[in-house]
file model07.csv (CSV, C-alpha atoms)
chain,number,residue,atom,x,y,z
A,267,MET,CA,146.2,-22.0,-1.8
A,268,ASN,CA,147.4,-24.4,0.9
A,269,HIS,CA,143.9,-25.2,1.7
A,270,ALA,CA,143.3,-26.3,-1.9
A,271,ILE,CA,146.3,-28.5,-1.9
A,272,ARG,CA,145.2,-30.1,1.4
A,273,LYS,CA,141.9,-30.8,-0.1
A,274,THR,CA,143.3,-32.5,-3.1
A,275,GLY,CA,145.6,-34.5,-0.8
A,276,LEU,CA,142.7,-35.6,1.2
A,277,SER,CA,140.6,-36.6,-1.7
A,278,GLY,CA,143.6,-38.4,-3.2
A,279,LEU,CA,143.9,-40.4,0.0
A,280,LEU,CA,140.2,-41.2,-0.1
A,281,VAL,CA,140.5,-42.5,-3.7
A,282,MET,CA,143.5,-44.6,-2.7
A,283,LEU,CA,141.7,-46.1,0.3
A,284,LEU,CA,138.7,-46.9,-1.8
A,285,THR,CA,140.8,-48.6,-4.5
A,286,VAL,CA,142.6,-50.8,-1.9
A,287,TRP,CA,139.2,-51.6,-0.2
A,288,GLY,CA,137.7,-52.4,-3.6
A,289,LEU,CA,140.6,-54.8,-4.4
A,290,ALA,CA,140.2,-56.6,-1.1
A,291,SER,CA,136.4,-57.1,-1.2
A,292,PRO,CA,135.4,-60.7,-1.9
A,293,PRO,CA,134.0,-61.8,-5.3
A,294,ALA,CA,130.3,-61.1,-5.5
A,295,ARG,CA,127.4,-62.6,-7.4
A,296,ALA,CA,123.9,-61.5,-7.9
A,297,GLU,CA,121.1,-64.0,-7.1
A,298,TYR,CA,120.6,-66.7,-9.8
A,299,GLY,CA,118.0,-65.6,-12.3
A,300,ASP,CA,118.2,-61.9,-11.5
A,301,LEU,CA,118.0,-59.7,-14.6
A,302,VAL,CA,119.7,-56.4,-15.4
A,303,LEU,CA,117.6,-54.3,-17.8
A,304,ASN,CA,119.5,-51.3,-19.2
A,305,GLU,CA,118.5,-50.8,-22.8
A,306,HIS,CA,117.4,-47.2,-22.1
A,307,ALA,CA,117.6,-46.5,-18.4
A,308,GLU,CA,121.2,-45.3,-18.0
A,309,LYS,CA,121.2,-43.4,-21.3
A,310,GLU,CA,118.3,-41.4,-19.9
A,311,GLY,CA,120.1,-40.8,-16.6
A,312,MET,CA,118.6,-43.5,-14.4
A,313,PRO,CA,120.5,-46.4,-12.8
A,314,PRO,CA,119.9,-49.8,-14.5
A,315,VAL,CA,116.9,-51.9,-13.4
A,316,ILE,CA,117.4,-55.1,-11.5
A,317,PHE,CA,114.5,-57.6,-11.7
A,318,PRO,CA,114.6,-60.5,-9.2
A,319,HIS,CA,113.0,-63.6,-10.7
A,320,TRP,CA,113.3,-65.5,-7.3
A,321,PHE,CA,111.2,-62.9,-5.5
A,322,HIS,CA,108.4,-62.8,-8.1
A,323,ARG,CA,108.2,-66.6,-8.6
A,324,ILE,CA,107.4,-67.1,-5.0
A,325,ARG,CA,104.3,-65.0,-5.7
A,326,PHE,CA,103.5,-65.7,-9.3
A,327,ARG,CA,103.9,-68.6,-11.7
A,328,CYS,CA,105.9,-67.9,-14.9
A,329,LYS,CA,102.7,-68.1,-16.9
A,330,VAL,CA,101.3,-64.9,-15.4
A,331,CYS,CA,104.2,-62.8,-16.8
A,332,HIS,CA,105.4,-64.9,-19.8
A,333,ALA,CA,102.0,-65.8,-21.2
A,334,ASP,CA,99.4,-63.3,-19.9
A,335,LEU,CA,101.6,-60.1,-19.7
A,336,GLY,CA,103.8,-60.8,-22.8
A,337,PHE,CA,107.3,-60.7,-21.3
A,338,GLN,CA,109.7,-62.4,-23.7
A,339,PHE,CA,112.2,-65.1,-22.7
A,340,LYS,CA,115.0,-62.7,-23.4
A,341,ALA,CA,116.4,-59.9,-21.2
A,342,GLY,CA,115.7,-56.7,-23.1
A,343,GLY,CA,113.4,-58.5,-25.6
A,344,SER,CA,110.0,-57.1,-24.7
A,345,GLY,CA,110.9,-53.4,-25.3
A,346,ILE,CA,109.8,-52.3,-21.8
A,347,ASN,CA,109.9,-48.5,-21.1
A,348,MET,CA,108.4,-46.2,-18.5
A,349,LEU,CA,105.5,-45.1,-20.8
A,350,LYS,CA,104.3,-48.7,-21.2
A,351,ILE,CA,104.7,-49.2,-17.4
A,352,ILE,CA,102.6,-46.2,-16.4
A,353,ASP,CA,100.0,-47.3,-19.0
A,354,GLY,CA,99.6,-50.6,-17.0
A,355,LYS,CA,101.7,-52.8,-19.3
A,356,TYR,CA,104.6,-55.1,-18.2
A,357,CYS,CA,105.8,-54.2,-14.7
A,358,GLY,CA,103.0,-51.7,-14.6
A,359,ALA,CA,100.4,-54.4,-14.7
A,360,CYS,CA,101.2,-55.0,-11.0
A,361,HIS,CA,103.3,-52.1,-9.8
A,362,ASN,CA,100.2,-49.8,-9.8
A,363,GLY,CA,99.6,-49.3,-6.2
A,364,GLU,CA,97.0,-52.1,-6.1
A,365,ILE,CA,98.8,-55.5,-6.6
A,366,ALA,CA,102.2,-54.1,-5.6
A,367,TRP,CA,103.7,-50.7,-4.7
A,368,SER,CA,103.5,-48.1,-7.4
A,369,VAL,CA,106.0,-46.6,-9.9
A,370,GLU,CA,106.9,-43.5,-7.9
A,371,ASN,CA,109.3,-45.7,-5.9
A,372,CYS,CA,111.9,-45.3,-8.7
A,373,ASN,CA,114.9,-46.5,-6.8
A,374,ILE,CA,113.5,-49.9,-5.8
A,375,CYS,CA,113.5,-50.9,-9.5
A,376,HIS,CA,116.4,-48.7,-10.7
A,377,SER,CA,118.8,-50.2,-8.1
A,378,GLY,CA,121.8,-51.4,-10.3
A,379,LYS,CA,125.4,-50.2,-10.3
A,380,PRO,CA,126.2,-47.8,-13.1
A,381,GLY,CA,127.6,-49.4,-16.3
A,382,LEU,CA,125.8,-52.8,-16.1
A,383,LYS,CA,124.7,-54.4,-19.4
A,384,THR,CA,121.3,-55.9,-20.0
A,385,GLN,CA,121.8,-59.6,-19.0
A,386,VAL,CA,120.5,-62.5,-17.1
A,387,ILE,CA,122.6,-63.7,-14.1
A,388,GLY,CA,122.6,-67.3,-15.2
A,389,SER,CA,125.0,-70.1,-14.7
A,390,ARG,CA,126.5,-71.4,-17.9
A,391,LEU,CA,130.3,-71.4,-17.9
A,392,GLY,CA,130.0,-69.1,-14.9
A,393,THR,CA,132.2,-71.4,-12.8
A,394,LEU,CA,135.2,-71.2,-15.2
A,395,ALA,CA,137.9,-68.5,-15.2
A,396,PRO,CA,137.7,-66.7,-18.6
A,397,PRO,CA,139.8,-68.3,-21.4
A,398,ARG,CA,143.2,-66.7,-22.3
A,399,ALA,CA,142.0,-64.8,-25.3
A,400,ALA,CA,139.2,-63.2,-23.2
A,401,SER,CA,141.4,-62.4,-20.2
A,402,LYS,CA,144.0,-60.5,-22.3
A,403,PRO,CA,143.6,-56.8,-22.0
B,148,MET,CA,153.8,-19.1,11.4
B,149,ASN,CA,150.3,-19.4,10.2
B,150,VAL,CA,151.5,-20.5,6.8
B,151,GLN,CA,154.0,-23.0,8.2
B,152,MET,CA,151.5,-25.2,10.1
B,153,PRO,CA,149.2,-26.3,7.3
B,154,SER,CA,152.1,-27.1,5.0
B,155,LEU,CA,153.6,-29.4,7.7
B,156,LYS,CA,150.3,-31.2,7.8
B,157,PHE,CA,150.4,-31.4,4.1
B,158,ILE,CA,153.9,-33.0,4.1
B,159,VAL,CA,152.7,-35.6,6.6
B,160,LEU,CA,149.7,-36.2,4.3
B,161,LEU,CA,152.0,-36.6,1.4
B,162,PHE,CA,154.0,-39.2,3.3
B,163,ILE,CA,150.9,-41.2,4.1
B,164,VAL,CA,149.9,-41.1,0.4
B,165,ALA,CA,153.4,-42.2,-0.6
B,166,ALA,CA,153.3,-45.1,1.9
B,167,LEU,CA,149.9,-46.2,0.7
B,168,LEU,CA,151.1,-46.0,-2.9
B,169,LEU,CA,154.0,-48.3,-2.0
B,170,VAL,CA,151.7,-50.8,-0.2
B,171,PHE,CA,149.3,-50.7,-3.2
B,172,GLY,CA,152.2,-51.3,-5.6
B,173,VAL,CA,153.5,-54.3,-3.6
B,174,VAL,CA,150.0,-55.8,-3.4
B,175,HIS,CA,149.6,-55.2,-7.1
B,176,GLN,CA,152.9,-56.8,-8.0
B,177,ALA,CA,152.3,-59.8,-5.8
B,178,GLY,CA,149.0,-60.3,-7.6
B,179,ALA,CA,150.7,-60.0,-11.0
B,180,ALA,CA,153.3,-62.6,-9.9
B,181,GLU,CA,150.6,-65.0,-8.9
B,182,ARG,CA,148.9,-64.6,-12.2
B,183,LYS,CA,152.1,-65.2,-14.1
B,184,ASN,CA,152.8,-68.6,-12.4
B,185,PRO,CA,151.6,-71.0,-15.2
B,186,ASN,CA,151.3,-73.9,-12.8
B,187,VAL,CA,148.9,-72.7,-10.2
B,188,PHE,CA,146.9,-75.7,-8.9
B,189,ASN,CA,143.5,-74.6,-10.3
B,190,ARG,CA,143.9,-72.7,-13.5
B,191,LEU,CA,140.3,-72.6,-14.4
B,192,LEU,CA,138.2,-73.7,-11.4
B,193,LYS,CA,137.2,-70.6,-9.6
B,194,PRO,CA,137.1,-70.6,-5.8
B,195,LYS,CA,133.6,-71.3,-4.4
B,196,LYS,CA,131.6,-68.1,-4.2
B,197,PRO,CA,129.2,-67.3,-1.4
B,198,PHE,CA,125.6,-67.5,-2.5
B,199,ASN,CA,122.2,-65.9,-1.7
B,200,LEU,CA,124.0,-62.7,-0.8
B,201,PRO,CA,122.0,-59.7,0.4
B,202,PRO,CA,121.3,-57.2,-2.4
B,203,ALA,CA,123.7,-54.5,-1.1
B,204,LYS,CA,126.6,-57.0,-1.2
B,205,ASP,CA,125.9,-58.9,-4.4
B,206,GLY,CA,128.0,-56.7,-6.7
B,207,TYR,CA,125.1,-55.7,-9.0
B,208,HIS,CA,122.9,-53.6,-6.7
B,209,ASP,CA,124.4,-50.2,-6.0
B,210,PRO,CA,124.9,-50.2,-2.2
B,211,GLU,CA,124.6,-46.4,-2.2
B,212,GLY,CA,121.2,-46.5,-4.0
B,213,GLU,CA,118.2,-45.3,-2.0
B,214,GLY,CA,116.0,-48.2,-2.8
B,215,VAL,CA,118.4,-51.0,-2.0
B,216,ALA,CA,117.6,-51.0,1.8
B,217,TYR,CA,114.0,-51.9,0.9
B,218,LEU,CA,115.0,-55.1,-0.9
B,219,GLN,CA,114.6,-58.5,0.7
B,220,PRO,CA,117.7,-60.6,1.2
B,221,PRO,CA,117.2,-63.9,-0.5
B,222,LYS,CA,118.3,-65.9,2.6
B,223,GLU,CA,115.3,-64.5,4.5
B,224,ALA,CA,112.8,-65.6,1.9
B,225,PHE,CA,114.4,-69.0,1.3
B,226,LYS,CA,114.7,-69.9,5.0
B,227,ASP,CA,111.7,-72.4,5.0
B,228,LEU,CA,111.9,-73.5,1.4
B,229,VAL,CA,113.2,-76.9,0.3
B,230,PRO,CA,117.0,-76.5,-0.3
B,231,ALA,CA,118.9,-77.5,-3.4
B,232,LYS,CA,122.6,-77.5,-4.3
B,233,VAL,CA,122.6,-75.2,-7.3
B,234,GLY,CA,120.8,-72.2,-8.9
B,235,ASN,CA,119.0,-70.2,-6.2
B,236,HIS,CA,119.8,-73.1,-3.8
B,237,VAL,CA,116.1,-73.7,-3.7
B,238,ASP,CA,114.3,-76.8,-5.0
B,239,TRP,CA,111.4,-74.9,-6.6
B,240,VAL,CA,109.5,-78.1,-7.6
B,241,ARG,CA,109.5,-79.6,-4.1
B,242,SER,CA,108.8,-76.2,-2.5
B,243,LEU,CA,105.7,-75.8,-4.7
B,244,GLU,CA,104.5,-79.4,-4.2
B,245,SER,CA,104.8,-79.2,-0.4
B,246,GLY,CA,102.9,-75.9,-0.4
B,247,LYS,CA,105.8,-74.0,1.1
B,248,ILE,CA,105.1,-71.4,-1.7
B,249,THR,CA,101.8,-70.7,-3.3
B,250,PRO,CA,102.5,-68.6,-6.4
B,251,ARG,CA,99.4,-67.2,-8.2
B,252,TYR,CA,98.5,-68.7,-11.6
B,253,ASP,CA,96.4,-65.6,-12.3
B,254,ARG,CA,97.6,-62.0,-11.7
B,255,LEU,CA,94.5,-61.1,-9.8
B,256,ASP,CA,92.8,-64.3,-8.6
B,257,PRO,CA,94.8,-66.1,-5.9
B,258,LYS,CA,92.5,-69.1,-6.2
B,259,ALA,CA,93.0,-69.9,-9.9
B,260,LYS,CA,94.3,-73.4,-10.5
B,261,PRO,CA,96.9,-74.3,-13.1
B,262,ILE,CA,96.0,-76.6,-16.0
B,263,VAL,CA,98.4,-79.4,-15.3
B,264,MET,CA,99.1,-82.1,-17.9
B,265,ASP,CA,100.8,-85.3,-16.7
B,266,LEU,CA,102.5,-86.6,-19.8
B,267,ASN,CA,106.1,-87.7,-19.9
B,268,ILE,CA,108.0,-87.7,-23.1
B,269,VAL,CA,111.0,-90.1,-23.1
B,270,ARG,CA,113.8,-89.2,-25.5
B,271,GLU,CA,116.3,-91.8,-26.2
B,272,VAL,CA,119.9,-90.5,-25.8
B,273,LYS,CA,122.9,-91.5,-27.8
B,274,GLY,CA,125.7,-93.1,-25.9
B,275,SER,CA,126.0,-94.0,-22.3
B,276,MET,CA,123.9,-91.3,-20.6
B,277,PRO,CA,120.5,-92.4,-19.3
B,278,ASP,CA,117.5,-91.4,-21.5
B,279,VAL,CA,115.8,-88.1,-20.9
B,280,ALA,CA,112.3,-88.1,-19.4
B,281,TYR,CA,110.7,-84.8,-20.1
B,282,PRO,CA,107.9,-84.3,-17.6
B,283,HIS,CA,104.9,-82.1,-18.7
B,284,LYS,CA,103.6,-82.2,-15.1
B,285,GLN,CA,106.2,-80.1,-13.3
B,286,HIS,CA,106.4,-77.7,-16.2
B,287,THR,CA,102.7,-77.1,-16.6
B,288,GLU,CA,102.6,-76.3,-12.8
B,289,TRP,CA,104.5,-73.2,-13.7
B,290,LEU,CA,104.1,-72.6,-17.4
B,291,ASP,CA,101.5,-72.2,-20.1
B,292,CYS,CA,101.5,-74.5,-23.1
B,293,SER,CA,102.1,-71.4,-25.2
B,294,ASN,CA,105.4,-70.7,-23.4
B,295,CYS,CA,106.9,-73.8,-25.2
B,296,HIS,CA,104.5,-74.7,-28.1
B,297,PRO,CA,105.2,-74.0,-30.9
B,298,ALA,CA,108.0,-71.5,-30.6
B,299,ILE,CA,110.5,-73.7,-28.7
B,300,PHE,CA,109.1,-77.2,-29.3
B,301,ILE,CA,106.7,-78.5,-32.0
B,302,PRO,CA,104.2,-80.4,-29.9
B,303,GLN,CA,104.9,-83.8,-31.4
B,304,LYS,CA,107.0,-86.5,-29.9
B,305,GLY,CA,110.4,-86.7,-31.7
B,306,ALA,CA,109.7,-83.8,-34.0
B,307,ASN,CA,112.3,-81.7,-32.4
B,308,GLN,CA,116.1,-82.0,-32.7
B,309,ILE,CA,117.5,-81.5,-29.2
B,310,SER,CA,121.2,-81.9,-28.3
B,311,MET,CA,123.2,-81.1,-25.3
B,312,ALA,CA,125.2,-78.5,-27.3
B,313,ALA,CA,122.1,-76.6,-28.2
B,314,ILE,CA,120.9,-76.7,-24.6
B,315,LEU,CA,124.2,-75.3,-23.3
B,316,MET,CA,124.0,-72.6,-25.9
B,317,GLY,CA,120.6,-71.5,-24.4
B,318,GLN,CA,118.3,-73.1,-26.9
B,319,LYS,CA,115.5,-75.7,-26.4
B,320,CYS,CA,115.6,-76.7,-22.8
B,321,GLY,CA,118.3,-74.2,-22.3
B,322,VAL,CA,116.0,-71.3,-22.9
B,323,CYS,CA,115.0,-71.7,-19.2
B,324,HIS,CA,117.5,-74.1,-17.7
B,325,GLY,CA,120.7,-72.3,-16.9
B,326,LYS,CA,119.0,-69.0,-16.6
B,327,VAL,CA,115.9,-69.1,-14.3
B,328,ALA,CA,115.0,-72.8,-14.0
B,329,PHE,CA,117.6,-75.2,-12.4
B,330,PRO,CA,121.0,-74.9,-14.2
B,331,ILE,CA,123.0,-77.5,-16.0
B,332,THR,CA,125.8,-78.8,-13.9
B,333,ALA,CA,127.2,-82.2,-12.8
B,334,LYS,CA,124.7,-82.0,-9.9
B,335,THR,CA,121.7,-81.8,-12.2
B,336,CYS,CA,122.4,-84.2,-15.2
B,337,ARG,CA,120.2,-86.9,-13.6
B,338,LYS,CA,117.2,-84.6,-13.1
B,339,CYS,CA,116.8,-84.8,-16.9
B,340,HIS,CA,118.7,-88.0,-17.7
B,341,SER,CA,116.5,-89.9,-15.3
B,342,ARG,CA,115.4,-92.9,-17.3
B,343,PRO,CA,117.7,-95.9,-17.3
B,344,LYS,CA,118.3,-97.1,-20.9
B,345,GLY,CA,115.5,-99.4,-22.1
B,346,ARG,CA,115.3,-103.2,-21.8
B,347,LYS,CA,116.4,-103.6,-25.4
B,348,GLY,CA,119.5,-101.6,-24.7
B,349,LYS,CA,120.4,-103.5,-21.6
B,350,LYS,CA,120.0,-106.9,-23.4
B,351,ALA,CA,122.1,-105.8,-26.3
B,352,LYS,CA,124.8,-104.6,-23.9
B,353,ALA,CA,124.6,-107.9,-22.0
B,354,LYS,CA,125.0,-109.8,-25.3
B,355,LYS,CA,127.9,-107.6,-26.3
B,356,ALA,CA,129.6,-108.2,-22.9
B,357,ALA,CA,129.0,-111.9,-23.2
B,358,SER,CA,130.4,-112.1,-26.7
B,359,LYS,CA,133.5,-110.3,-25.5
B,360,LYS,CA,134.2,-113.1,-23.0
call {"tool": "encode", "arguments": {"input": "model07.csv", "output": "structure tokens"}}
result
Amino acid sequence: MNHAIRKTGLSGLLVMLLTVWGLASPPARAEYGDLVLNEHAEKEGMPPVIFPHWFHRIRFRCKVCHADLGFQFKAGGSGINMLKIIDGKYCGACHNGEIAWSVENCNICHSGKPGLKTQVIGSRLGTLAPPRAASKP
Amino acid sequence: MNVQMPSLKFIVLLFIVAALLLVFGVVHQAGAAERKNPNVFNRLLKPKKPFNLPPAKDGYHDPEGEGVAYLQPPKEAFKDLVPAKVGNHVDWVRSLESGKITPRYDRLDPKAKPIVMDLNIVREVKGSMPDVAYPHKQHTEWLDCSNCHPAIFIPQKGANQISMAAILMGQKCGVCHGKVAFPITAKTCRKCHSRPKGRKGKKAKAKKAASKK
């Protein structure tokens, strides 16, 4: 009995410490142009995908992905899923073990924090605090 | 005896938790008080954020994820590239021109050369801002004609209505600028608004100024 109480006490302490630590950590920002893709991933039990534009544009011009491979200029707009990827479409045109490491490395793509929405980490209005209406709970 | 010892420890633990709760409450209240002051110096301007953070610290990657340790920190990759003040803090145009990066134009063939078109389109701008010179050269280094024509722009000078409002909403030039290509901030206005107003404009202004005297 006592043992159980001690356990809950300890986990409570841990939660407290984590909360305080979370509040104290500095404001963070993903790299400009990074994309979160989470149309299906989290619903199907995988963490969201984070796609780094900066990393890929060092290796490929936009044309390769956005003209040859059919990626749309809209996060979530191309209807990417795992089946298309293993069939060699979209990410799978390169992540096939020949041009780049292959799909079995799930967690290198599925690397996002839980709960992220599909989005582009852009800049517009990003330097302003949210307006009053938006900051109200 | 055996029962007494753990319960003592438990009481001590309870005290620690209570103390932490108190500290947390105080911190929280201080935060609330700060938020309530209507006259803080910067109401809207956010403090400068650190940039080019390593993936595990950027707030989007899950630091506990197994794959994160494999990811490259941007700073390592950008070390030798031409720096800029905004976006990725990399001047991608100059980095490409100087050969610091050699991105492929074809998925498989590292030697494929881009079809570059050197054609500037000058768009006269209402008001005081310099005219916009849209350069096909820097764009076709990266992009295919079909990336812009005809979905974003009809390929005919002056056939497209473009306004700053539309760009800031993510249309026209704003499809890319503000998301992946350099963003729209006070530090970049002149990258697009690069052409001083034409002769005619200058003369007209001079005349106006003269007639005012």
call {"tool": "residues_near_point", "arguments": {"input": "model07.csv", "point": "(116.5, -63.2, -27.8)", "cutoff": "12 Å", "atoms": "all atoms listed in the file", "output": "PDB file with C-alpha atoms, in the frame of the given file"}}
result
ATOM      1  CA  PHE A 337     107.300 -60.700 -21.300  1.00  0.00           C
ATOM      2  CA  GLN A 338     109.700 -62.400 -23.700  1.00  0.00           C
ATOM      3  CA  PHE A 339     112.200 -65.100 -22.700  1.00  0.00           C
ATOM      4  CA  LYS A 340     115.000 -62.700 -23.400  1.00  0.00           C
ATOM      5  CA  ALA A 341     116.400 -59.900 -21.200  1.00  0.00           C
ATOM      6  CA  GLY A 342     115.700 -56.700 -23.100  1.00  0.00           C
ATOM      7  CA  GLY A 343     113.400 -58.500 -25.600  1.00  0.00           C
ATOM      8  CA  SER A 344     110.000 -57.100 -24.700  1.00  0.00           C
ATOM      9  CA  GLY A 345     110.900 -53.400 -25.300  1.00  0.00           C
ATOM     10  CA  THR A 384     121.300 -55.900 -20.000  1.00  0.00           C
ATOM     11  CA  GLN A 385     121.800 -59.600 -19.000  1.00  0.00           C
ATOM     12  CA  VAL A 386     120.500 -62.500 -17.100  1.00  0.00           C
TER      13      VAL A 386
ATOM     14  CA  GLY B 317     120.600 -71.500 -24.400  1.00  0.00           C
ATOM     15  CA  GLN B 318     118.300 -73.100 -26.900  1.00  0.00           C
ATOM     16  CA  VAL B 322     116.000 -71.300 -22.900  1.00  0.00           C
TER      17      VAL B 322
END
call {"tool": "residues_around", "arguments": {"input": "model07.csv", "residues": "Val279 (chain B)", "least_positions_apart": "4", "cutoff": "8 Å", "atoms": "only C-alpha atoms", "output": "list in words"}}
result
Val269, Arg270, Glu271, Val272, Cys339, His340, Ser341 and Arg342 of chain B
call {"tool": "write_last_selection", "arguments": {"input": "model07.csv", "atoms": "C-alpha atoms", "output": "JSON list (two decimals), in the coordinates of the input"}}
result
[["chain", "number", "residue", "atom", "x", "y", "z"],
["B", 269, "VAL", "CA", 111.00, -90.10, -23.10],
["B", 270, "ARG", "CA", 113.80, -89.20, -25.50],
["B", 271, "GLU", "CA", 116.30, -91.80, -26.20],
["B", 272, "VAL", "CA", 119.90, -90.50, -25.80],
["B", 339, "CYS", "CA", 116.80, -84.80, -16.90],
["B", 340, "HIS", "CA", 118.70, -88.00, -17.70],
["B", 341, "SER", "CA", 116.50, -89.90, -15.30],
["B", 342, "ARG", "CA", 115.40, -92.90, -17.30]]
call {"tool": "residues_around", "arguments": {"input": "model07.csv", "residues": "region 319-329 of chain A", "least_positions_apart": "6", "cutoff": "7 Å", "atoms": "all atoms listed in the file", "output": "short mmCIF file (atom, residue, chain, number, x, y, z; two decimals) with C-alpha atoms, in the frame of the given file"}}
result
data_model
loop_
_atom_site.label_atom_id
_atom_site.label_comp_id
_atom_site.auth_asym_id
_atom_site.auth_seq_id
_atom_site.Cartn_x
_atom_site.Cartn_y
_atom_site.Cartn_z
CA GLY A 299 118.00 -65.60 -12.30
CA ASP A 300 118.20 -61.90 -11.50
CA ILE B 248 105.10 -71.40 -1.70
CA THR B 249 101.80 -70.70 -3.30
CA PRO B 250 102.50 -68.60 -6.40
CA ARG B 251 99.40 -67.20 -8.20
CA TYR B 252 98.50 -68.70 -11.60
CA TRP B 289 104.50 -73.20 -13.70
CA LEU B 290 104.10 -72.60 -17.40
CA ASP B 291 101.50 -72.20 -20.10
#
call {"tool": "residues_around", "arguments": {"input": "model07.csv", "residues": "region 206-216 of chain B", "least_positions_apart": "4", "cutoff": "6 Å", "atoms": "all atoms listed in the file", "output": "number ranges by chain"}}
result
A: 294-295, 373-374, 377-379; B: 202
call {"tool": "residues_around", "arguments": {"input": "model07.csv", "residues": "Gly354 (chain A)", "least_positions_apart": "3", "cutoff": "12 Å", "atoms": "all atoms listed in the file", "output": "list of chain:residue names"}}
result
A:Leu335, A:Ile346, A:Asn347, A:Met348, A:Leu349, A:Lys350, A:Ile351, A:Cys357, A:Gly358, A:Ala359, A:Cys360, A:His361, A:Asn362, A:Gly363, A:Glu364, A:Ile365, A:Ser368, A:Val369
call {"tool": "residues_near_point", "arguments": {"input": "model07.csv", "point": "(120.0, -60.9, -9.5)", "cutoff": "7 Å", "atoms": "all atoms listed in the file", "output": "mmCIF file with C-alpha atoms, in the frame of the given file"}}
result
data_model
loop_
_atom_site.group_PDB
_atom_site.id
_atom_site.type_symbol
_atom_site.label_atom_id
_atom_site.label_comp_id
_atom_site.auth_asym_id
_atom_site.auth_seq_id
_atom_site.Cartn_x
_atom_site.Cartn_y
_atom_site.Cartn_z
ATOM 1 C CA ALA A 296 123.900 -61.500 -7.900
ATOM 2 C CA GLU A 297 121.100 -64.000 -7.100
ATOM 3 C CA TYR A 298 120.600 -66.700 -9.800
ATOM 4 C CA GLY A 299 118.000 -65.600 -12.300
ATOM 5 C CA ASP A 300 118.200 -61.900 -11.500
ATOM 6 C CA LEU A 301 118.000 -59.700 -14.600
ATOM 7 C CA ILE A 316 117.400 -55.100 -11.500
ATOM 8 C CA PHE A 317 114.500 -57.600 -11.700
ATOM 9 C CA PRO A 318 114.600 -60.500 -9.200
ATOM 10 C CA ILE A 387 122.600 -63.700 -14.100
#
call {"tool": "residues_around", "arguments": {"input": "model07.csv", "residues": "region 302-309 of chain B", "least_positions_apart": "6", "cutoff": "8 Å", "atoms": "all atoms listed in the file", "output": "PyMOL selection string"}}
result
chain B and resi 268+270+296+319
